[in-house]
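Everything on this sheet refers to the single structure shown next.
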Amino acid sequence: MRDDLFDLLWEALRETLYMIAWSSFFSLLLGLTLGILLVVTDKGHILQALPVQKTISLLINGVRSIPFIILIVILLPLSRLIVGTSLGPTAAIVALSIGTAPFLGRIIENSLKEVSGGKIEAAIAMGASPLAIIFRVLIPEALPALVRGVTIAIIGITECTAVAGAIGAGGLGSLAIRFGYQRFREDIMIATVLVIVLLVQAIQLTGDFIAKSIHNRRFKIE
Amino acid sequence: MIVVEQLTKTYQTTKGSVLALDRIDLQVRKGEIFGVIGFSGAGKSTLIRCLNRLEEPDSGRIRIGGDDITGLSGRRLRQARQKIGMIFQHFNLLDGKTVYHNVAFPLAVAGHPRDRIGRRVREILDLVGLADKEGAYPAQLSGGQKQRVGIARALANDPDVLLSDEATSALDPQTTYSILELLRDINRKLKLTIVLITHELEVLQHICDSMAVIENGRIVETGPVEKLFLNPESDTARKFVGVLEQYRAKRDLIEGMGAGI
């Protein structure tokens, strides 16, 4: 073990956290939009529009079928256009957000579909508008499931930052490849893997805790 | 108050189309409790769900108060729905909201200011006897309490009509009785017109003024509730009353034996 280990690791961890935070944020915005649209435009739902539903579904499947490492390369010009560079963590956020949003969209779709039709009908019967039903019924009622789903997606994003790191995005993945693998620094390899494992555990535990506390507040009988 | 004319509804299934409602004509007077009774699959649920357009009828007309319900769409339909309360067999409360916020929901949707919502929610919770439960979540309530929240929610916007879709079918007899008492109480206090559908004869007997019997999507009998018991004309009505009579005869026999005859 050499004394540069800590500095390298700290810098890489900060880059990774930066990528995870912003990618999760944008991915959530995009994913929520996709997930909500998939649900409400489906047959028999509040804004039925089957052509829209089918188009979004096809788009999601299309993006999801492209391996992430190739998607990053395809999206390089877009990164250059939006953030002005195709290198570094900031550039990776563009690819990470777009690459993971379809996955998140599917997860959100599944959670929202669990909200019983009776609750939606009751809201319709009370004269609620489609927007009120989405934001006051669908999302709040699905919240524990949404939190669990988003947790899975953030861990997925964490994995993807490591892949992005392999082709110039920086972060822990990059450190593991450039130092651990290419320069035979076994200590760095072990340390990065360890940090990533801890990071994923922390994300999962936080997600579980939030979902559980929402669930308990609603369903625990005192 | 409520006038239904030639209401027809068919469902498309994989086996072809099913006629759920066949040229239904109905009239409900203002302030009365009107019961629609029928066996499962007779079309009673479809009928009540057409009244606030949860189901889209194929043809016919529905008028409630001054509104031509069948002619409305978009915002106008939503506004009309705010004046038609509805309660459900499985309550359909929002699990993520407290009793207070469940009852506040229709008021918030209608765009009332927060202080007015607060006053109205407390007033209405008081009326249904749940003033002490406003901070509870639905999962912490009994079935009867849940239906009381459902009723409070349906009454929040001060509707002209209350639709009850088998509201007591998931409750035990004692709770059913207390909910029926509450409905009758509200009917008198607020002069609220109530349309309810049921497959329980006791419900009709207990609180309804008038009734209609529905059979295979058709209204086969209508009139005051006593008529059903004194002079049932339709097949469905005879079957319903027949079951009741059978039990009464059996009970008389057993009690008679007990008296040592």
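So you can find residues: chains in the structure tokens are A, B, ... in the order shown, residues in each start at 1, and ligands are numbered from 1 in order.
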
Return the neighbours of chain B among the residues of chain A, cut-off 10 Å, counting only C-alpha atoms, as a PyMOL selection string. chain A and resi 115-129+132-133+136-144+214-215+217-222

Among stretch 16-148 of chain A, which ones does DSSP place in alpha helix (DSSP H), written as a ChimeraX atom specification? /A:16-40,50-65,68-74,76-83,88-113,117-125,130-133,139-148

What does the file look like for those residues with C-alpha atoms, as a short mmCIF file (atom, residue, chain, number, x, y, z; two decimals), in the first residue's frame?
```
data_model
loop_
_atom_site.label_atom_id
_atom_site.label_comp_id
_atom_site.auth_asym_id
_atom_site.auth_seq_id
_atom_site.Cartn_x
_atom_site.Cartn_y
_atom_site.Cartn_z
CA THR A 16 -18.56 8.98 -8.55
CA LEU A 17 -20.92 10.58 -6.02
CA TYR A 18 -21.18 13.64 -8.26
CA MET A 19 -22.14 11.45 -11.22
CA ILE A 20 -24.60 9.38 -9.19
CA ALA A 21 -26.33 12.41 -7.70
CA TRP A 22 -26.90 14.34 -10.91
CA SER A 23 -27.59 11.29 -13.08
CA SER A 24 -30.14 10.05 -10.55
CA PHE A 25 -31.81 13.44 -10.52
CA PHE A 26 -32.13 13.74 -14.30
CA SER A 27 -32.90 10.05 -14.73
CA LEU A 28 -35.68 10.38 -12.16
CA LEU A 29 -37.19 13.36 -13.96
CA LEU A 30 -37.10 11.56 -17.30
CA GLY A 31 -38.09 8.20 -15.82
CA LEU A 32 -41.06 9.64 -13.92
CA THR A 33 -42.29 11.32 -17.09
CA LEU A 34 -41.95 8.10 -19.07
CA GLY A 35 -43.46 5.92 -16.32
CA ILE A 36 -46.45 8.21 -15.77
CA LEU A 37 -47.11 8.50 -19.49
CA LEU A 38 -46.89 4.73 -19.92
CA VAL A 39 -49.50 4.19 -17.22
CA VAL A 40 -52.03 6.95 -17.90
CA LEU A 50 -52.67 3.79 -27.25
CA PRO A 51 -50.46 5.14 -30.09
CA VAL A 52 -48.57 7.28 -27.54
CA GLN A 53 -48.30 4.34 -25.17
CA LYS A 54 -46.94 2.00 -27.86
CA THR A 55 -44.45 4.60 -29.12
CA ILE A 56 -43.00 5.26 -25.67
CA SER A 57 -42.86 1.56 -24.97
CA LEU A 58 -40.95 0.91 -28.20
CA LEU A 59 -38.56 3.77 -27.48
CA ILE A 60 -37.84 2.42 -24.00
CA ASN A 61 -37.22 -1.08 -25.29
CA GLY A 62 -34.98 0.32 -27.99
CA VAL A 63 -32.74 2.28 -25.64
CA ARG A 64 -32.69 -0.56 -23.10
CA SER A 65 -31.48 -3.04 -25.72
CA PHE A 68 -24.55 0.80 -21.96
CA ILE A 69 -20.92 1.08 -23.06
CA ILE A 70 -22.05 1.51 -26.68
CA LEU A 71 -24.77 3.97 -25.67
CA ILE A 72 -22.15 6.21 -24.08
CA VAL A 73 -20.20 6.29 -27.34
CA ILE A 74 -23.36 7.01 -29.36
CA LEU A 76 -20.81 11.48 -27.05
CA PRO A 77 -21.84 14.14 -29.60
CA LEU A 78 -24.89 14.94 -27.48
CA SER A 79 -22.72 15.36 -24.39
CA ARG A 80 -20.49 17.73 -26.33
CA LEU A 81 -23.57 19.68 -27.40
CA ILE A 82 -25.13 19.93 -23.92
CA VAL A 83 -22.15 20.28 -21.56
CA GLY A 88 -15.02 13.64 -17.52
CA PRO A 89 -17.83 13.10 -15.01
CA THR A 90 -20.04 15.94 -16.28
CA ALA A 91 -20.08 14.53 -19.80
CA ALA A 92 -20.95 11.11 -18.39
CA ILE A 93 -24.03 12.49 -16.65
CA VAL A 94 -25.72 13.02 -20.03
CA ALA A 95 -25.22 9.41 -21.08
CA LEU A 96 -26.00 8.06 -17.60
CA SER A 97 -29.28 9.98 -17.37
CA ILE A 98 -30.50 8.98 -20.81
CA GLY A 99 -29.21 5.43 -20.51
CA THR A 100 -30.89 4.68 -17.18
CA ALA A 101 -34.13 6.68 -17.58
CA PRO A 102 -35.90 3.96 -19.63
CA PHE A 103 -35.10 1.36 -16.96
CA LEU A 104 -36.37 3.71 -14.27
CA GLY A 105 -39.43 4.42 -16.43
CA ARG A 106 -40.34 0.72 -16.41
CA ILE A 107 -39.82 0.46 -12.66
CA ILE A 108 -42.03 3.50 -12.07
CA GLU A 109 -44.64 2.12 -14.48
CA ASN A 110 -44.82 -1.08 -12.43
CA SER A 111 -45.17 0.79 -9.13
CA LEU A 112 -47.91 3.08 -10.43
CA LYS A 113 -49.83 0.15 -11.89
CA GLY A 117 -58.40 0.97 -9.98
CA GLY A 118 -60.95 1.66 -7.23
CA LYS A 119 -58.93 4.55 -5.82
CA ILE A 120 -58.61 6.10 -9.27
CA GLU A 121 -62.32 5.63 -9.88
CA ALA A 122 -63.14 7.27 -6.56
CA ALA A 123 -61.01 10.26 -7.57
CA ILE A 124 -62.74 10.46 -10.97
CA ALA A 125 -66.12 10.30 -9.23
CA PRO A 130 -56.10 13.88 -14.68
CA LEU A 131 -53.26 16.01 -13.26
CA ALA A 132 -54.79 15.89 -9.78
CA ILE A 133 -55.14 12.12 -10.08
CA ILE A 139 -47.74 9.06 -6.94
CA PRO A 140 -48.56 9.40 -3.20
CA GLU A 141 -50.31 6.02 -3.10
CA ALA A 142 -47.40 4.29 -4.87
CA LEU A 143 -44.74 6.07 -2.82
CA PRO A 144 -43.28 3.13 -0.84
CA ALA A 145 -43.00 1.05 -4.04
CA LEU A 146 -41.57 4.05 -5.90
CA VAL A 147 -38.86 4.54 -3.27
CA ARG A 148 -37.89 0.87 -3.47
#
```

Please measure the separation of atom CA of B:Leu7 and atom CA of B:Ala42, giving the value in Å to one decimal.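 It comes out at 14.6 Å.
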
In Å to one decimal, how far is atom CA of A:Gly170 from atom CA of A:Glu15?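 It comes out at 6.6 Å.
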
Skipping near chain neighbours, those fewer than 6 positions away, what residues fall within 8 Å of B:Gly217 using only C-alpha atoms, listed as a PyMOL selection string? chain B and resi 19-22+24+42-44
